[in-house]
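So this block is structure_32.txt, compact mmCIF, C-alpha atoms and all ligand atoms:
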```
# COMPACT_ATOMS: atom_id res chain seq x y z
CA MET A 1 33.35 -7.86 23.66
CA ALA A 2 31.53 -10.70 21.89
CA ALA A 3 28.47 -10.10 19.70
CA ILE A 4 25.41 -11.37 21.52
CA PRO A 5 23.02 -13.72 19.68
CA MET A 6 19.56 -12.18 19.70
CA ALA A 7 16.07 -13.27 18.77
CA TYR A 8 13.41 -10.67 18.08
CA ALA A 9 9.66 -10.92 17.74
CA SER A 10 9.36 -7.96 15.40
CA VAL A 11 11.39 -5.90 12.97
CA ALA A 12 10.48 -2.76 14.95
CA ALA A 13 11.98 -4.22 18.15
CA LEU A 14 15.11 -5.30 16.31
CA GLN A 15 15.55 -1.88 14.68
CA HIS A 16 15.04 -0.12 18.00
CA ASP A 17 17.90 -2.05 19.59
CA HIS A 18 20.08 -1.89 16.49
CA ARG A 19 19.80 1.94 16.42
CA ALA A 20 20.95 2.06 20.05
CA CYS A 21 24.02 -0.15 19.49
CA ARG A 22 27.35 1.31 20.68
CA ARG A 23 29.47 -1.86 20.75
CA CYS A 24 32.23 -0.47 18.52
CA VAL A 25 32.52 2.66 20.66
CA VAL A 26 32.83 0.57 23.81
CA ALA A 27 35.40 -1.65 22.08
CA GLY A 28 37.41 1.40 20.96
CA TYR A 29 36.93 1.11 17.17
CA LEU A 30 34.69 4.17 16.75
CA ASP A 31 34.36 7.54 18.45
CA LEU A 32 30.72 7.70 17.51
CA ALA A 33 28.13 5.11 16.53
CA HIS A 34 25.26 5.87 14.21
CA PRO A 35 23.84 2.65 12.74
CA VAL A 36 22.40 3.12 9.25
CA PHE A 37 19.99 0.64 7.66
CA SER A 38 16.48 0.72 6.24
CA GLY A 39 13.63 -1.69 5.79
CA ARG A 40 10.42 -3.10 7.10
CA ALA A 41 8.71 -6.41 7.80
CA GLY A 42 7.56 -8.40 4.80
CA GLN A 43 10.36 -7.46 2.44
CA ARG A 44 11.61 -10.51 0.57
CA ILE A 45 14.90 -9.07 -0.69
CA LEU A 46 17.89 -8.26 1.51
CA LEU A 47 20.79 -6.16 0.29
CA VAL A 48 24.00 -6.27 2.34
CA GLY A 49 26.74 -3.72 1.63
CA GLN A 50 30.09 -3.09 3.32
CA ALA A 51 29.44 -0.09 5.60
CA PRO A 52 27.78 3.30 5.26
CA GLY A 53 29.74 6.43 4.41
CA PRO A 54 29.45 9.90 5.97
CA TYR A 55 26.65 11.00 3.60
CA GLU A 56 24.62 7.96 4.56
CA VAL A 57 24.98 8.93 8.23
CA ASP A 58 23.84 12.50 7.49
CA ALA A 59 20.87 11.24 5.45
CA ASN A 60 20.25 8.32 7.82
CA ARG A 61 19.68 6.00 4.87
CA PRO A 62 21.90 3.44 3.16
CA PHE A 63 23.35 4.14 -0.28
CA ALA A 64 22.32 7.81 -0.18
CA ALA A 65 25.28 9.26 -2.09
CA ARG A 66 27.25 8.64 -5.27
CA ALA A 67 27.65 4.88 -4.87
CA GLY A 68 23.94 4.73 -4.09
CA ARG A 69 23.05 6.54 -7.30
CA GLN A 70 25.11 4.01 -9.23
CA LEU A 71 23.44 1.17 -7.37
CA MET A 72 20.01 2.60 -8.18
CA ARG A 73 20.92 2.82 -11.88
CA TRP A 74 21.79 -0.89 -11.73
CA MET A 75 18.49 -1.62 -10.01
CA GLU A 76 16.57 0.23 -12.72
CA ARG A 77 18.26 -2.03 -15.27
CA ALA A 78 16.97 -4.95 -13.20
CA GLY A 79 13.37 -3.73 -13.40
CA PHE A 80 12.92 -1.42 -10.40
CA SER A 81 11.26 1.90 -11.20
CA GLY A 82 13.68 4.01 -9.15
CA ASP A 83 15.21 4.78 -5.79
CA GLU A 84 12.00 4.75 -3.74
CA ASP A 85 10.80 1.55 -5.40
CA VAL A 86 14.05 -0.16 -4.40
CA ARG A 87 13.77 1.07 -0.81
CA GLN A 88 10.16 0.00 -0.56
CA ARG A 89 10.99 -3.52 -1.68
CA MET A 90 14.44 -4.19 -0.17
CA TYR A 91 15.80 -4.33 3.34
CA MET A 92 19.15 -2.56 3.16
CA THR A 93 21.90 -3.13 5.67
CA ALA A 94 25.66 -3.72 5.79
CA MET A 95 28.39 -5.86 7.27
CA THR A 96 29.03 -3.05 9.73
CA THR A 97 26.28 -0.48 9.95
CA CYS A 98 28.21 2.53 11.29
CA PHE A 99 30.58 4.71 9.28
CA PRO A 100 34.07 3.29 9.95
CA GLY A 101 35.90 6.55 9.11
CA ARG A 102 38.22 7.44 6.25
CA ARG A 103 41.26 5.37 5.31
CA PRO A 104 44.32 6.65 7.16
CA GLY A 105 46.12 8.98 4.76
CA GLY A 106 44.20 7.77 1.77
CA GLN A 107 41.10 8.20 -0.28
CA GLY A 108 37.85 6.47 0.46
CA ASP A 109 36.40 4.88 3.54
CA ARG A 110 38.20 2.45 5.81
CA ARG A 111 37.36 -1.21 5.33
CA PRO A 112 35.99 -2.52 8.64
CA SER A 113 38.21 -5.04 10.41
CA ALA A 114 37.23 -8.66 10.97
CA ARG A 115 36.65 -7.83 14.64
CA GLU A 116 34.22 -5.02 13.80
CA VAL A 117 32.39 -7.31 11.37
CA ALA A 118 32.14 -9.88 14.15
CA LEU A 119 30.79 -7.29 16.59
CA CYS A 120 28.09 -6.26 14.11
CA SER A 121 27.23 -9.74 12.85
CA SER A 122 24.43 -10.45 15.31
CA TRP A 123 22.40 -7.57 13.81
CA LEU A 124 22.66 -9.15 10.39
CA ASP A 125 21.91 -12.59 11.85
CA ALA A 126 18.78 -11.20 13.53
CA VAL A 127 17.57 -9.64 10.25
CA LEU A 128 18.12 -12.93 8.43
CA GLU A 129 16.25 -14.84 11.13
CA LEU A 130 13.32 -12.46 11.30
CA LEU A 131 12.90 -11.50 7.66
CA ARG A 132 13.84 -14.86 6.12
CA PRO A 133 14.60 -13.15 2.81
CA ARG A 134 14.15 -15.18 -0.36
CA LEU A 135 16.77 -13.23 -2.25
CA ILE A 136 20.02 -11.92 -0.73
CA LEU A 137 22.26 -9.48 -2.58
CA PRO A 138 25.77 -9.35 -1.09
CA VAL A 139 27.28 -6.15 -2.49
CA GLY A 140 31.08 -6.03 -2.57
CA SER A 141 33.80 -8.36 -1.37
CA LEU A 142 33.24 -8.00 2.38
CA ALA A 143 29.60 -9.09 2.12
CA LEU A 144 30.60 -11.81 -0.33
CA GLU A 145 32.95 -13.26 2.28
CA ARG A 146 30.02 -13.56 4.70
CA PHE A 147 27.72 -15.41 2.28
CA LEU A 148 30.09 -17.20 -0.13
CA PRO A 149 33.38 -17.44 1.79
CA HIS A 150 36.74 -17.75 0.02
CA ARG A 151 35.39 -16.73 -3.37
CA ARG A 152 36.31 -13.72 -5.45
CA LEU A 153 33.81 -11.38 -7.07
CA ASP A 154 35.06 -12.21 -10.56
CA GLN A 155 34.39 -15.90 -9.85
CA VAL A 156 30.79 -15.42 -8.73
CA VAL A 157 29.17 -12.28 -10.19
CA GLY A 158 26.72 -13.19 -12.96
CA GLU A 159 25.31 -16.32 -11.34
CA ALA A 160 22.86 -17.09 -8.55
CA TYR A 161 23.75 -19.49 -5.74
CA THR A 162 22.19 -21.66 -3.09
CA GLN A 163 23.12 -21.06 0.53
CA THR A 164 25.76 -23.75 0.22
CA GLY A 165 27.32 -22.18 -2.85
CA GLU A 166 25.97 -24.24 -5.75
CA VAL A 167 25.10 -22.38 -8.95
CA ILE A 168 21.36 -22.18 -9.67
CA VAL A 169 20.81 -22.51 -13.39
CA ALA A 170 17.00 -22.34 -13.61
CA THR A 171 14.14 -21.32 -11.33
CA PRO A 172 15.26 -21.78 -7.72
CA SER A 173 13.67 -24.61 -5.80
CA ALA A 174 14.47 -23.21 -2.36
CA ALA A 175 15.26 -19.96 -0.62
CA PRO A 176 17.34 -18.05 0.12
CA VAL A 177 19.04 -17.42 -3.19
CA LEU A 178 22.31 -15.48 -3.22
CA LEU A 179 23.07 -13.08 -6.06
CA PRO A 180 26.41 -11.29 -5.53
CA LEU A 181 27.07 -7.85 -6.98
CA PRO A 182 30.25 -5.77 -7.10
CA HIS A 183 30.39 -2.64 -4.98
CA PRO A 184 29.13 0.45 -6.85
CA SER A 185 31.63 2.76 -5.13
CA GLY A 186 33.65 5.07 -7.37
CA GLN A 187 36.73 3.79 -5.49
CA SER A 188 36.18 0.34 -6.95
CA ARG A 189 38.07 -0.38 -10.18
CA TRP A 190 36.33 -3.71 -10.62
CA LEU A 191 34.09 -2.60 -13.49
CA ASN A 192 36.95 -1.06 -15.48
CA ASP A 193 37.60 -4.55 -16.82
CA ARG A 194 35.25 -5.27 -19.75
CA THR A 195 34.91 -8.94 -18.90
CA GLN A 196 33.85 -8.03 -15.39
CA SER A 197 31.46 -5.38 -16.65
CA ALA A 198 29.81 -8.10 -18.76
CA LEU A 199 29.44 -10.18 -15.58
CA LEU A 200 27.49 -7.32 -14.02
CA ASP A 201 25.20 -7.16 -17.09
CA ARG A 202 24.52 -10.85 -16.64
CA ALA A 203 23.89 -10.44 -12.89
CA LEU A 204 21.34 -7.66 -13.49
CA LEU A 205 19.44 -9.82 -16.00
CA ARG A 206 19.37 -12.62 -13.43
CA LEU A 207 18.27 -10.15 -10.77
CA HIS A 208 15.30 -9.12 -12.92
CA GLU A 209 14.08 -12.73 -13.00
CA LEU A 210 14.84 -13.46 -9.36
CA VAL A 211 13.06 -10.39 -7.98
CA ARG A 212 9.84 -11.61 -9.60
CA TRP A 213 10.43 -15.08 -8.20
CA ALA A 214 11.24 -13.81 -4.69
CA GLU A 215 8.23 -11.51 -4.47
CA SER A 216 5.73 -13.90 -6.03
CA SER A 217 6.62 -16.93 -3.93
CA GLU A 218 4.32 -17.93 -1.11
CA ASN A 219 6.96 -19.27 1.28
S1 LIG B 1 29.09 -1.00 13.55
FE1 LIG B 1 27.48 -2.41 14.24
S2 LIG B 1 28.28 -3.33 16.17
FE2 LIG B 1 29.49 -1.47 15.74
S3 LIG B 1 28.44 0.12 16.92
FE3 LIG B 1 27.63 0.19 14.81
S4 LIG B 1 25.77 -1.11 14.88
FE4 LIG B 1 26.99 -1.56 16.72
```
Please rewrite the model in this file as structure tokens.
Amino acid sequence: MAAIPMAYASVAALQHDHRACRRCVVAGYLDLAHPVFSGRAGQRILLVGQAPGPYEVDANRPFAARAGRQLMRWMERAGFSGDEDVRQRMYMTAMTTCFPGRRPGGQGDRRPSAREVALCSSWLDAVLELLRPRLILPVGSLALERFLPHRRLDQVVGEAYTQTGEVIVATPSAAPVLLPLPHPSGQSRWLNDRTQSALLDRALLRLHELVRWAESSEN
């Protein structure tokens, strides 16, 4: 079943339909669909993760568990005052917005397949179209592939990018700006490497500047 391109007049209408989506159940990927995202009209920052986990489904909010607490600590380093401040100012969604289940026989959550990402992509496309965010934060490698294809996290974290993948060295002249982040999941070993941890420090400094730019811009 192909994802259907959709245009919405309001965020409320989009969220209503998104909450009712059952495409992955119909296609046989999930037993149960429960789309998890949060946000409202007027937010200038869009955060895109991989997929919610079981705690996010229970809480019905993205990044509600351990990875979320780590993410919120990063956001505080970037100038946000805390969890609620982040949620008030950021639309939060994911490459697939239902819990994909646990990895077969292993720890952690299953990485959604390319087909599931394709099925869910029109919801992300509709958010991008309607919100026109000035700052987009792809979190983790799956979201990175959507916004800066064929690049690795260690090649891109620490810098901001135009939509076409050029590094932005000063104040951006156009939106949207892409600022990739690693995934804050405890399953990720990415930050065990000191060089990569320094890249995150650099990204959070850049985020501090870009949040002000995104929220103060008129267009
Ligand atoms: S993951 Fe996305 S496409 Fe699949 S059922 Fe959930 S909302 Fe729909």
_For a test of reading the model, state the distance in Å between atom CA of Ala7 of chain A and atom CA of Pro138 of chain A, rounded to one decimal._
22.4 Å
_Taking all atoms listed in the file into account, which residues have an atom no farther than 7 Å from ligand LIG 1 (chain B)? I'd like them as a ChimeraX atom specification._
/A:18-19,21-25,33-35,96-98,116,119-120
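Coordinates place atom CA of Tyr91 of chain A at a distance of 4.2 Å from atom CA of Gly39 of chain A.
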*Measure the distance from atom CA of Val156 of chain A to atom CA of Ser122 of chain A in Å and round it to one decimal.*
25.4 Å
With the cut-off set at 12 Å and counting all atoms listed in the file, tabulate each residue of segment 180-202 of chain A with an atom at most that distance from an atom of segment 47-63 of chain A, showing the nearest atom pair and its distance in Å to one decimal, ordered by chain and increasing number, as a Markdown table.
```
| residue | atom | partner | partner_atom | distance |
| --- | --- | --- | --- | --- |
| A:Pro180 | CA | A:Leu47 | CA | 9.6 |
| A:Leu181 | CA | A:Gly49 | CA | 9.6 |
| A:Pro182 | CA | A:Gly49 | CA | 9.6 |
| A:His183 | CA | A:Gly49 | CA | 7.6 |
| A:Pro184 | CA | A:Phe63 | CA | 9.5 |
| A:Ser185 | CA | A:Phe63 | CA | 9.7 |
```
